[in-house]
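Student: Just dropping this structure here.
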Amino acid sequence: MVTLGHFLLFSGLLMAVGLYGVLTRRNLIAVLMSVEILLNAAALAFASAAAFREPHLFAGQIFALFIIVVAAAELSIGFAILLNVYRTHGAVTDDAISEMRG
Amino acid sequence: MTLAVIVLLAFGGMVLALIAPSFDERPAVLGAISGTVFGASLLMGLLAAHESGVIYGAVVMGPLTSAAIVLLSLVGLLVAAGAAIRKGGFALGSGEVHALVMWGVLGGILLVASAHLLMFYLALELSAYSTYVLVGYDRDRRFGTEAAAKYMILGAVGSALLLFGMALVYTETGNLGYTGIAIELGGNPSALARGGMALMLVGLGFKLAWVPFHAWAPDAYQGAFPLMAGFLSVAPKTALALGIVVLLSRAFGGSESVMAQWIGGLALLSVVLGSFWALLQNDLKRLLAYSTIVHMGFLGLALSTASLTGYTAVAYYLAAYIVTSLGFFFALEALEAEGLPSTLESWKGLGRRNPLLGVLLAVFVLSLAGVPLLAGFLAKLYVFAALAAAQAWAPLVVAVVMVVFGYYFYFRILAAVFLEAPAEDSPELAFSPTAFSLLVLLALAVVALGVWPQPLLRWLQAAVTAVM
Amino acid sequence: MSLTAFYALAAFTLVFAVFAVTTANMVRAAFSLAITFFLIAGLYLLLGSPALAAIQFMVNASAIPIMTLFIIMMTRSRSSGAPRTWQIAAGLLAAAAALVFFKGAVGHHDGQINPVSPELLGSNLLQAALLPFEVASVLLLLAMVGAIALARRRSG
Amino acid sequence: MIPVLIFLPILAAAFVGMLDDPRAEAAKRTALGVALFTLLMSLWAYATYPIPFGGFIGELKFDWLPLVGSRFHVGFDGLSLPFAALTPLLTAVSVLASWRKTDKGFFALMLLLQGALVGVFAALDLVVFFLFFEAVLVPMYFMIALWGYEERRYAAVKFLLYSLVGSVFMLAAIVATAYLAAPALGRVSFDYLELVSATGYLANLPAASWLFWGFALAFLIKLPAVPLHTWLPHAHTQAPTAGSIFLAGLLLKMGGYGLIRFNLALFPGELERFANLLALVALISIVYGAYVTLAQSDLKRLIANSSVNHMGYVLLGIASMTAIGIHGAVYQMVAHGVITGLMFLMVGLLADRTHTREIAAMQGVYSAAPKLGAVLWLALLGGLGLPGLAGFLGEFQSLWGGFLAEVTRPYVWIAVFGIVILAGAMLWTIQRVLLGRSDSNLDDLSPVEVAAAAPLVFLAVLLGLVPAALTPWIDAGIQPLLTMVQEVFK
Amino acid sequence: MSYVELSYWIPLLPALGFALLALGGRSFPGRGSGWFATAVMAVVAVLSLGLLHDVILAAPGWNLAALLGGHHEEALIKPGSPDFPFRLEWTWLAIRGEAGIPLVIYIDSLAAVVTAMVALASLFIHLFSIGYMHGEERYPTFFAYLQLFSAAMLAFVLAGNFFHSLLAWEVMGLMSYLLIGFLYKKKTAQQAQKKAFITTKLADLGFMLGLFWLYLLIGNFDLADLGSGQNLLAIGTGAAAAVGLLVFIAAMGKSAQFPLHVWLLDAMEGPTPVSAMIHAATMVAAGVYLTARFYPLLLFGGVLWVVALVGALTALFAAVLAPAFADVKKILAWSTVSQLGYMFLGLGVFGWAAAMFHLVAHAFFKALLFLGSGSMIHGAATQDIFEMDRLKKHMPWTYWTFLVGALALMGIPPFAGFWSKDLILHAAEEHAPLLWLIGLLAAFFTAFYTTRMIVIAFHKPAMESPWKAAEWTRGAPWLNLGPEEAEPDPSPPAGHHPHESGAEMITALVALAALSILVGFWGSPIFGYGLLTLVYRGEMPELLPASKLMTGYVTGTLVALAGAGLAWFWYSADPLKQRAPLWLTAALQRRLYIDEFYYKVLGALAQAPTQVLAFIDRYLIDGLVDLAGYTSLVISSLLRHLQSGRFATYAFYMLLGALALYVGGAR
């Protein structure tokens, strides 16, 4: 039988994948994609918790809904910024945006 | 009133965003509108102090909300006015900045007023997105886009972690409302819930720039316009700090709570590492970023006591920090407007080129350092008092030692301003009356808060008492 | 049955997710991301929430990958550079860390899925979460305005 | 009256800062006027102090930070009045000594310093005390850093940070004291007089030692006591003349004053417990300070180091915890303020003329400029503790008191040799700088400079011969303290 | 109004005179400042003589016969006035709960006598200086110093509180410092003044410590009842000895007793009236006076023998060294050291009154001798007795007055020194025969060097000074100065003819000659030991019946005559003949290398830590401070590498942070 534990662990695994992506990807778009995975994993965690734990209000599912929407908004801003980066730096890689340090 | 403020700011932002393209040549009009809206919301915030109750289970009305409205509206008002320092509006002729600031402020207010994790999340993102855009606002500014990209990506990671945290807490408690969480969590949260709280703290700490979640801050400050950096250094901080006060007192338990202890640890780390990092900075905005980290560390120390004294200290610290930090960033803005980049090097001899400016700068910098009779000193004093009241001796001692480091790097600024001779061919510095009057106003506020903080304190204490 | 479905969906999702974060070819990554999200929509169905599944399908599995492809094209980033060794180490560590946080989930054996109809979800959304809903709309507006502002050609 | 003494100079500083005054003509006159006016006021307060009754005069308190438990509480007693009167006097002297300066900022800083210093000596609330204690640092930093000699930046930063290290620990101790004493007082209070009434309670706190050292560290740095003294030679040497006068005359006094006012009054038990250690530090300061003085080749640095020796007597007197020893400590502080102020004044004027501070580069100053030479001679002799000048009475009483207490007695036996070593240093200096033939022409003292030196010379002699001008005030100030201390020990 | 009530004017007047001269001395025309100062001293002299008169009237009278017969109890024939000794008291430094330091003037017979002595001697020294210092650049300053010097000594004598004794004592130290270095451009003067100050200051530590201890024991500094039985009981024998010896160290320093005598010879760098001031009326006398005041403690503590021993050895030591010198002032300086040794010997062998008598007598005749030598130097333009050209012929007044002083010094009857010195020797004979022999030997040498001086300076024509070119006299090793640093003593310019001094100087000489004769008689048995019975304080072993006296007197006179005769015999024949081996002469002239030992060994030892400590100060302590700051900066620059600029690192920090919170915060 599928339990909350299954879903949560799966969500954790997705989080692991997403984090791996965030840390290893050198193209910023790919990083944002990894972030998307993270957000999806979180949404999934909410939704599953709601499905198993909260039979009446489904606040978690609503939360998941919001996450999906907000993630889209986030991505649009992110891409706008990355476009500007591309314009100023000629590339959207982590090498391009490591000038400021120390 | 609270609801009215929310609506006012939301629609104000919309109106500003809509009309912005028509006023590319006359940004002052947008500034005036924005200022008027913020002025109105400030007054309404004062009126909202006696309200109580919850709107749609998500927004709490009450003294603390009112305080948040007032403080954040003040920030908005000042930023709206500060936008006039550059006559041409950021050399880009665009007024969306006012809308973004307004929505950012709205997000901040909702953050404090929130009674629900969903609301909290949305409010957080509202205030975060506006700052992402503000940092990368000038698309031709090399550092600006770099900083915005880093800030945005890290912010997204941070909010993802925050979401995981909330999800875990939700899993354990089955609740998103603060009250429910508090009831379910009880005195000893489970491992999963603790993990959730830890992950949540990453998201919160990220916005407050606590070490080790701080790393975006120096870049973001350095890359942004000084005005934006100023906004960044006060508005999200004010919202988050007060928001954490609410979270701590309503959802995550009393003084013994794990969260408070963690905050103490992060704050201590911020104070220490931030101070070390700041020692050798030569870019003023970067220096100020580290200084913010240190200040947020002090603030976090007060938060970690989870006591009335501590929360009052937090509130006062914020008020003091708003006027001081904005003052300094306005000065930076004014000087950048005069073609003076925000580096120690270019600030050499400023005090001789324009003595009055030197004095104003000194007021802000000394307040940041915590010199008596200025707001910054009392802020620190309150933090120390809170720590003493909580018998947290070790943090107290560490904190006071780091004050010494603070003096070192703040006095480096003063040394450049007053002790160095200006470059040979530097002309007399004269800058706009707007900038001048704003700076004087803020400097007076810094002094006033340092000398006669009593009314403000009483008000703030009443506000935080309400959530205890 | 549902267990088999879950494992199958989960396994495929993970495979595509891993592929999405490891492949050097960005276009392929975007496609596999779309598939990942599509499969997640399946999981939402499994959770008894068709509304979520639908939205997941429309937004995450469709709109976002398309947007991503656009941006990949616009920035001419067809491939992502190979990660540095320390990045891989850090990434693995981070992945392990993520699991640490979720290790407490193993003990959750609540097995009863409560399905939720789109109507219920919708009415809840507009009643209990009305204010967040409004705020979210402001948020979207902000994102729009922000994206426009970032992309606008300045007069200066 | 006290608010006027504190805030009039500060307001005047703001006024001076705003003057359009490129030659600082109006600034220096304003500064002098304010200093003289406040001097008259404080002298009046000094003269009208009801010695037989003791206690505090001009007391003023109003709620300032009630949420923290702090009040703006100021007042003068016999312990603070001498310093409160010395402050405007030395300000006036410094203004006169800087008559050739053309920066209004310099005079504004002096006024700021004056106000803050009076605040330090008047404060009867620990927060208010700290506030002024700290506020002194900033103008001093700028005075050194802007108008000092070649290594001014280094010296200024060192002064600032070194002092700060002490004062932040004191701040921690202040806050901790107030909160730890709260159970005894029923509320959190930073009020000095209230805390003093809880001395018995404080004595039994396990943290008492920590609190004691929190205060003591700040004051020992300010004093300064070896090995916490190394900021002093830099700061004194690099500071402009007026800065050196302020430093030596008043800033160091904050240390001794604080030790008596706070360490003795609030933690007598701890003071007694650590008397041995403090006496050892005092002894080292005296002997070591004298030896290091002997080794200096820079005239200002030499005088600076002699202060280490002088202030060692202060610490010795305090560590003895006898009435006579504490009398000696206070007397020595005032005397040191007058005499070392005079030394720095003269050396500053001399260095301005010779454009060097190297002793080796000077000779025969007395024959070249007899007035300057004579006054410097007098000052240097005063510095070695010459009887008939103020310093002798201070040193004598400190040692005398030290001898009466069993703890400090062994140290006195050795400390007296510091007198001879320092005498050697001073005499050698006199020989090298003042005596012999001069091959250069030096301007002798101008009337303004004579006016600057005259009050100090007068005071040095007066306090050397007529202790009644000071002792009764000290007595009125410290006897209540001692009575209270005795009660605690009972 | 009695003189007692006016007594505070005695020190106050010259002090005011000092203030006036120091501030406005240059406004006096010509010698005006000198005359002014002298006038002040004249008033002081009148006051002090008046005081002496009051005291003599008020003091108890003694039956001499009973005293000589040893019946001390029955000897009182006239009780002292009830308010005698006089005491004036003011509040000075008052500390609640402590005796503090009241300002006390305490006038007993001794104080009155010494006051009068100081005032008179000082008066004539002032008078002499008017002429002697004429043409000096800092003429008014000189008189200002003399005034303060006198004031300090008078205050010291009259002080009824030991603190004020110390104060005045130290001021005297200062004035001697200033006056020795009066010719401040001379390197030797600078060194000498420093040496004098440091030596006496070092000794003064004993005074201070003694006072502290005394206060600890009896709770005050009062002079009056120091010796009362109650106090002595409170003090106890051991402490009494310790306090007494501590104070005696100070006295040794001030009175230049071996081994602290080294400063006194070099004090000759000052102008001659200064030497007279230091050696006669003030300064050196203070040490003796102080020891006399602490006599009860020394007696009770049983350590008088130390005083006696030091005194006797010094007396002999100085008298032996004196004949090796050619500088008239230095010969006289040695004689001072020697005579002071006699006084301490007297005190040490219970001859308290005799020592006081010798103090007074010596003050006058030594002032006379020094002023006489000043007159000689003034006339002959040299200090070297060999370079003086038959001064008897050229300066008859000087010669005869000087001779009076010299005879007094030698102890030839009936001059002052004879009466006083022999009384000391009587006491020594009674109590310490060995020291008596030493004293006699010293008397022999005294007569010897005095006669040598007179013969060579006054009777012989000028000749080449024998050791001027000697290798060992080059430089001033006793002042730690090399040959190039020390200027050799000037010889008279070619063709210089000695001449008699001016009227003021002669007047002073004559007056002092008369006084030294008079005072000798006042204390002599012929006039019933007037001076001694005046200061009588209960025990006088030196007073002997006439029958017993004669042998002593005859012995003393014979010894003196023998010394004088030998000197006459040798030096009137051939003054330049080298009678001692050269090495001995060299050793004596270099003062047996004691000074050099002090400089090279003790001085070096005392200074040894200087550079080490300065190094520690600069590089170790300060270095540590700088290191702390520097370390912070290094740490800072290292930590800055953490802020790598790469967002992946930053994200990693965030995750690590979360993990650390979770793991670290787990309970």
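By order of appearance in the structure tokens: chains A, B, ..., then residues from 1 within every chain, and ligands from 1 in the order shown.
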Determine which residues of chain B sit within 8 Å of chain C, taking into account only C-alpha atoms, and present them as a PyMOL selection string.
Tutor: chain B and resi 10+17+24+56-58+91-94+96+100+103+118-119+122-123+125-126+129-130+133+136-139+191-192+195-196
Student: Taking 2 positions as the minimum chain separation for residues in the same chain, which residues sit within 6 Å of range 238-248 of chain B when counting only C-alpha atoms? Answer as a list in words.
Tutor: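 These residues fall inside the cut-off: Gly108, Leu111, Val112, Val234, Ala235, Pro236, Arg250, Ala251, Phe252, Gly253 and Leu318 of chain B.
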Student: For Ala68 in chain B, please output as a ChimeraX atom specification all residues within 12 Å (counting only C-alpha atoms; exclusion window: fewer than 4 positions along the same chain).
Tutor: /B:2,5,41-42,44-46,48-49,60-64,72-76,105-114,235-243,245-246,315-316,318-319,459-460,463-464
Student: Choose the residue, out of E:Pro11, E:Pro82, E:Gly405, E:Gly657, that has the smallest atom-to-atom separation from chain C; count only C-alpha atoms.
Tutor: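 Answer, going by the shortest atom-to-atom distance: E:Gly657.
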Student: With a cut-off of 7 Å and counting only C-alpha atoms, select all residues of chain B in contact with chain A and give the selection as a compact mmCIF listing (two decimals) with all heavy atoms, in the first residue's frame.
Tutor:
# COMPACT_ATOMS: atom_id res chain seq x y z
N LEU B 118 1.00 29.67 4.36
CA LEU B 118 0.83 29.97 2.95
C LEU B 118 0.94 31.47 2.70
O LEU B 118 1.65 31.93 1.81
CB LEU B 118 -0.54 29.45 2.47
CG LEU B 118 -0.90 29.80 1.03
CD1 LEU B 118 0.15 29.28 0.07
CD2 LEU B 118 -2.26 29.19 0.68
N GLY B 136 18.47 43.95 -10.08
CA GLY B 136 18.94 43.86 -11.46
C GLY B 136 18.28 44.88 -12.35
O GLY B 136 18.16 44.66 -13.54
N ARG B 139 19.56 47.05 -16.73
CA ARG B 139 20.02 45.87 -17.45
C ARG B 139 21.39 46.08 -18.06
O ARG B 139 21.99 45.14 -18.54
CB ARG B 139 19.02 45.49 -18.53
CG ARG B 139 18.93 46.50 -19.66
CD ARG B 139 18.03 45.94 -20.72
NE ARG B 139 18.08 46.77 -21.91
CZ ARG B 139 17.48 46.46 -23.04
NH1 ARG B 139 16.80 45.34 -23.12
NH2 ARG B 139 17.56 47.25 -24.08
N ASP B 140 21.88 47.31 -18.06
CA ASP B 140 23.21 47.54 -18.62
C ASP B 140 24.28 47.59 -17.54
O ASP B 140 25.44 47.81 -17.83
CB ASP B 140 23.22 48.86 -19.40
CG ASP B 140 22.21 48.81 -20.52
OD1 ASP B 140 22.09 47.74 -21.13
OD2 ASP B 140 21.53 49.84 -20.74
N ARG B 142 26.66 45.94 -15.32
CA ARG B 142 27.26 44.62 -15.32
C ARG B 142 27.13 43.94 -13.96
O ARG B 142 26.65 42.81 -13.85
CB ARG B 142 28.73 44.80 -15.69
CG ARG B 142 29.40 43.55 -16.15
CD ARG B 142 30.81 43.90 -16.60
NE ARG B 142 31.60 42.69 -16.64
CZ ARG B 142 31.56 41.81 -17.63
NH1 ARG B 142 30.76 42.01 -18.67
NH2 ARG B 142 32.31 40.72 -17.60
N THR B 145 23.37 42.98 -13.07
CA THR B 145 22.78 41.74 -13.55
C THR B 145 23.42 40.53 -12.91
O THR B 145 22.74 39.56 -12.55
CB THR B 145 22.92 41.66 -15.09
OG1 THR B 145 24.30 41.82 -15.41
CG2 THR B 145 22.12 42.73 -15.77
N GLU B 146 24.71 40.59 -12.74
CA GLU B 146 25.38 39.47 -12.06
C GLU B 146 24.80 39.26 -10.67
O GLU B 146 24.44 38.13 -10.29
CB GLU B 146 26.89 39.74 -11.97
CG GLU B 146 27.61 38.66 -11.15
CD GLU B 146 29.09 38.91 -11.02
OE1 GLU B 146 29.65 39.64 -11.85
OE2 GLU B 146 29.68 38.37 -10.08
N ALA B 148 21.94 40.29 -9.52
CA ALA B 148 20.54 39.88 -9.55
C ALA B 148 20.43 38.39 -9.84
O ALA B 148 19.63 37.68 -9.22
CB ALA B 148 19.80 40.69 -10.60
N ALA B 149 21.27 37.91 -10.76
CA ALA B 149 21.20 36.50 -11.09
C ALA B 149 21.54 35.64 -9.87
O ALA B 149 20.82 34.71 -9.51
CB ALA B 149 22.15 36.20 -12.24
N MET B 152 18.83 36.03 -7.24
CA MET B 152 17.58 35.40 -7.61
C MET B 152 17.69 33.87 -7.49
O MET B 152 16.81 33.21 -6.93
CB MET B 152 17.23 35.82 -9.03
CG MET B 152 15.89 35.36 -9.49
SD MET B 152 16.09 33.85 -10.42
CE MET B 152 14.53 33.11 -10.07
N ILE B 153 18.77 33.31 -8.03
CA ILE B 153 18.90 31.85 -7.99
C ILE B 153 18.99 31.37 -6.55
O ILE B 153 18.30 30.44 -6.13
CB ILE B 153 20.13 31.41 -8.79
CG1 ILE B 153 19.88 31.66 -10.27
CG2 ILE B 153 20.42 29.94 -8.55
CD1 ILE B 153 21.10 31.46 -11.12
N ALA B 156 15.75 31.60 -4.93
CA ALA B 156 14.84 30.54 -5.32
C ALA B 156 15.18 29.26 -4.55
O ALA B 156 14.28 28.57 -4.04
CB ALA B 156 14.94 30.30 -6.82
N VAL B 157 16.47 28.97 -4.45
CA VAL B 157 16.87 27.80 -3.66
C VAL B 157 16.40 27.98 -2.22
O VAL B 157 15.86 27.05 -1.61
CB VAL B 157 18.39 27.60 -3.72
CG1 VAL B 157 18.82 26.48 -2.79
CG2 VAL B 157 18.84 27.32 -5.13
N ALA B 160 12.82 27.43 -1.96
CA ALA B 160 12.52 26.01 -2.09
C ALA B 160 12.77 25.29 -0.78
O ALA B 160 11.94 24.48 -0.32
CB ALA B 160 13.37 25.40 -3.20
N LEU B 163 10.14 26.02 1.56
CA LEU B 163 8.94 25.25 1.26
C LEU B 163 9.06 23.83 1.78
O LEU B 163 8.11 23.28 2.35
CB LEU B 163 8.70 25.24 -0.25
CG LEU B 163 8.12 26.54 -0.81
CD1 LEU B 163 8.04 26.46 -2.31
CD2 LEU B 163 6.74 26.78 -0.21
N PHE B 164 10.21 23.22 1.56
CA PHE B 164 10.40 21.89 2.12
C PHE B 164 10.18 21.90 3.62
O PHE B 164 9.53 21.02 4.19
CB PHE B 164 11.81 21.37 1.81
CG PHE B 164 11.92 20.79 0.43
CD1 PHE B 164 12.71 21.39 -0.53
CD2 PHE B 164 11.24 19.64 0.09
CE1 PHE B 164 12.83 20.86 -1.80
CE2 PHE B 164 11.35 19.09 -1.18
CZ PHE B 164 12.14 19.71 -2.13
N ALA B 167 6.65 22.15 4.36
CA ALA B 167 5.99 20.89 4.06
C ALA B 167 6.20 19.90 5.19
O ALA B 167 5.27 19.21 5.61
CB ALA B 167 6.52 20.33 2.74
N THR B 171 3.49 18.34 7.41
CA THR B 171 3.32 16.91 7.54
C THR B 171 3.17 16.51 9.00
O THR B 171 2.32 15.69 9.36
CB THR B 171 4.55 16.19 6.95
OG1 THR B 171 4.80 16.70 5.67
CG2 THR B 171 4.31 14.70 6.88
N GLY B 174 -0.08 18.81 10.40
CA GLY B 174 -1.34 18.84 9.68
C GLY B 174 -1.95 20.22 9.67
O GLY B 174 -3.14 20.39 9.44
N ASP B 219 27.07 40.78 -2.89
CA ASP B 219 26.96 40.99 -4.32
C ASP B 219 25.73 41.84 -4.64
O ASP B 219 25.80 42.77 -5.44
CB ASP B 219 26.84 39.64 -5.03
CG ASP B 219 28.10 38.82 -4.89
OD1 ASP B 219 29.08 39.38 -4.36
OD2 ASP B 219 28.11 37.65 -5.28
Student: Could you jot down the CA of Ala286 in chain E to CA of Gly100 in chain E separation for me, Å, one decimal place?
Tutor: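 Atom-to-atom, CA of Ala286 in chain E to CA of Gly100 in chain E, that is 24.0 Å.
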Student: As a list in words, which residues of range 44-293 of chain E does DSSP assign to strand (DSSP E or B)?
Tutor: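 Assigned to strand (DSSP E or B), within range 44-293 of chain E: Gly61, Trp62, Leu76, Ile77, Lys78, Phe86, Arg87, Leu88, Glu89, Trp90, Thr91, Trp92, Leu93, Ile101, Pro102, Leu103, Val104, Ile105, Tyr106, Ile107, Ala159, Asn161 and Asp222 of chain E.
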Student: Report as a ChimeraX atom specification: the residues of range 31-220 of chain B with a DSSP assignment of alpha helix (DSSP H), based on the backbone of this structure.
Tutor: /B:31-47,63-82,96-113,117-135,142-173,178-185,191-208,216-220
Student: Might you pull out every residue within 10 Å of Phe458 in chain D, with only C-alpha atoms counted and same-chain residues fewer than 5 positions away left off, and present them as an MDAnalysis selection string?
Tutor: chainID D and resid 338 389 453 463:464
Student: Skip Phe130 in chain D itself and residues of its chain fewer than 6 positions away, then list as a list in words all residues within 9 Å of it, counting only C-alpha atoms.
Tutor: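 That gives Pro372 of chain B; Val120, Ala123, Ser167, Met170, Leu171 and Ile174 of chain D.
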Student: Create the file for the chosen residues now, containing C-alpha atoms and written as a PDB file, in the first residue's frame.
Tutor:
ATOM      1  CA  PRO B 372      26.426  56.883  22.123  1.00  0.00           C
TER       2      PRO B 372
ATOM      3  CA  VAL D 120      31.572  61.150  32.556  1.00  0.00           C
ATOM      4  CA  ALA D 123      26.995  60.581  35.526  1.00  0.00           C
ATOM      5  CA  SER D 167      34.697  49.830  27.307  1.00  0.00           C
ATOM      6  CA  MET D 170      32.484  47.382  30.724  1.00  0.00           C
ATOM      7  CA  LEU D 171      29.246  47.736  28.835  1.00  0.00           C
ATOM      8  CA  ILE D 174      27.169  47.257  33.285  1.00  0.00           C
TER       9      ILE D 174
END
Student: To one decimal place in Å, what is the distance between CA of Gly50 in chain E and CA of Ile10 in chain E?
Tutor: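 Separation of CA of Gly50 in chain E and CA of Ile10 in chain E: 10.8 Å.
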Student: May I have a table of the residues of chain D lying at most 6 Å from chain B, giving each one's closest pair of atoms and their distance in Å to one decimal, counting only C-alpha atoms, ordered by chain and ascending residue number, as a Markdown table?
Tutor:
| residue | atom | partner | partner_atom | distance |
| --- | --- | --- | --- | --- |
| D:Leu131 | CA | B:Pro372 | CA | 5.1 |
| D:Ala135 | CA | B:Pro372 | CA | 5.9 |
| D:Leu146 | CA | B:Leu419 | CA | 5.8 |
| D:Val168 | CA | B:Val400 | CA | 5.3 |
| D:Val175 | CA | B:Ala385 | CA | 5.8 |
| D:Ala176 | CA | B:Ala388 | CA | 5.4 |
| D:Tyr179 | CA | B:Ala389 | CA | 5.9 |
Student: So that I can check the surroundings of range 419-421 of chain D, please list as a list of chain:residue names every protein, DNA and RNA residue that reaches within 8 Å of it, counting only C-alpha atoms and ignoring chain neighbours fewer than 6 positions away.
Tutor: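 Those residues are D:Val287, D:Ala290, D:Tyr291, D:Leu294, D:Leu384, D:Gly385, E:Ile198, E:Lys201, E:Leu202.
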Student: Could you save those same residues with C-alpha atoms as a compact mmCIF listing (two decimals), in the first residue's frame?
Tutor:
# COMPACT_ATOMS: atom_id res chain seq x y z
CA VAL D 287 58.80 50.69 38.25
CA ALA D 290 59.84 54.65 35.11
CA TYR D 291 62.35 52.42 33.39
CA LEU D 294 64.24 56.39 31.00
CA LEU D 384 59.28 63.57 39.17
CA GLY D 385 57.19 64.19 42.23
CA ILE E 198 69.64 61.38 42.81
CA LYS E 201 66.59 61.32 46.67
CA LEU E 202 67.60 57.72 47.00
Student: List every residue of chain E that has an atom at most 9 Å from any atom of chain A, giving for each one its closest atom pair and the distance in Å to one decimal, counting only C-alpha atoms, sorted by chain and then by ascending residue number, as a tab-separated table.
Tutor:
residue	atom	partner	partner_atom	distance
E:Ser637	CA	A:Gly102	CA	8.2
E:Leu639	CA	A:Gly102	CA	8.3
E:Arg640	CA	A:Gly102	CA	4.6
E:His641	CA	A:Gly102	CA	5.9
E:Leu642	CA	A:Gly102	CA	7.4
E:Gln643	CA	A:Gly102	CA	4.9
E:Ser644	CA	A:Arg101	CA	5.4
E:Gly645	CA	A:Arg101	CA	4.2
E:Arg646	CA	A:Ser98	CA	5.3
E:Phe647	CA	A:Asp94	CA	7.2
E:Ala648	CA	A:Leu23	CA	5.0
E:Thr649	CA	A:Leu23	CA	7.7
E:Ala651	CA	A:Leu23	CA	7.0
E:Phe652	CA	A:Leu23	CA	7.0
E:Leu655	CA	A:Leu19	CA	9.0
Student: Using only C-alpha atoms, what table do you get, as a tab-separated table, when you list each residue of chain B with an atom no more than 7 Å from chain E, its nearest pair of atoms, and their distance in Å rounded to one decimal, rows by chain then rising number?
Tutor:
residue	atom	partner	partner_atom	distance
B:Lys150	CA	E:Phe647	CA	5.9
B:Leu154	CA	E:Ala651	CA	6.3
B:Arg194	CA	E:Tyr662	CA	6.8
B:Gly195	CA	E:Tyr662	CA	5.7
B:Ala198	CA	E:Ala658	CA	5.6
B:Leu199	CA	E:Ala658	CA	5.8
B:Val202	CA	E:Ala658	CA	6.0
B:Pro212	CA	E:Tyr653	CA	5.7
B:Phe213	CA	E:Met654	CA	5.0
B:Ala215	CA	E:Tyr650	CA	5.7
B:Trp262	CA	E:Leu661	CA	6.4
B:Phe276	CA	E:Ser636	CA	4.8
B:Trp277	CA	E:Ser636	CA	5.5
B:Leu279	CA	E:Ser636	CA	6.5
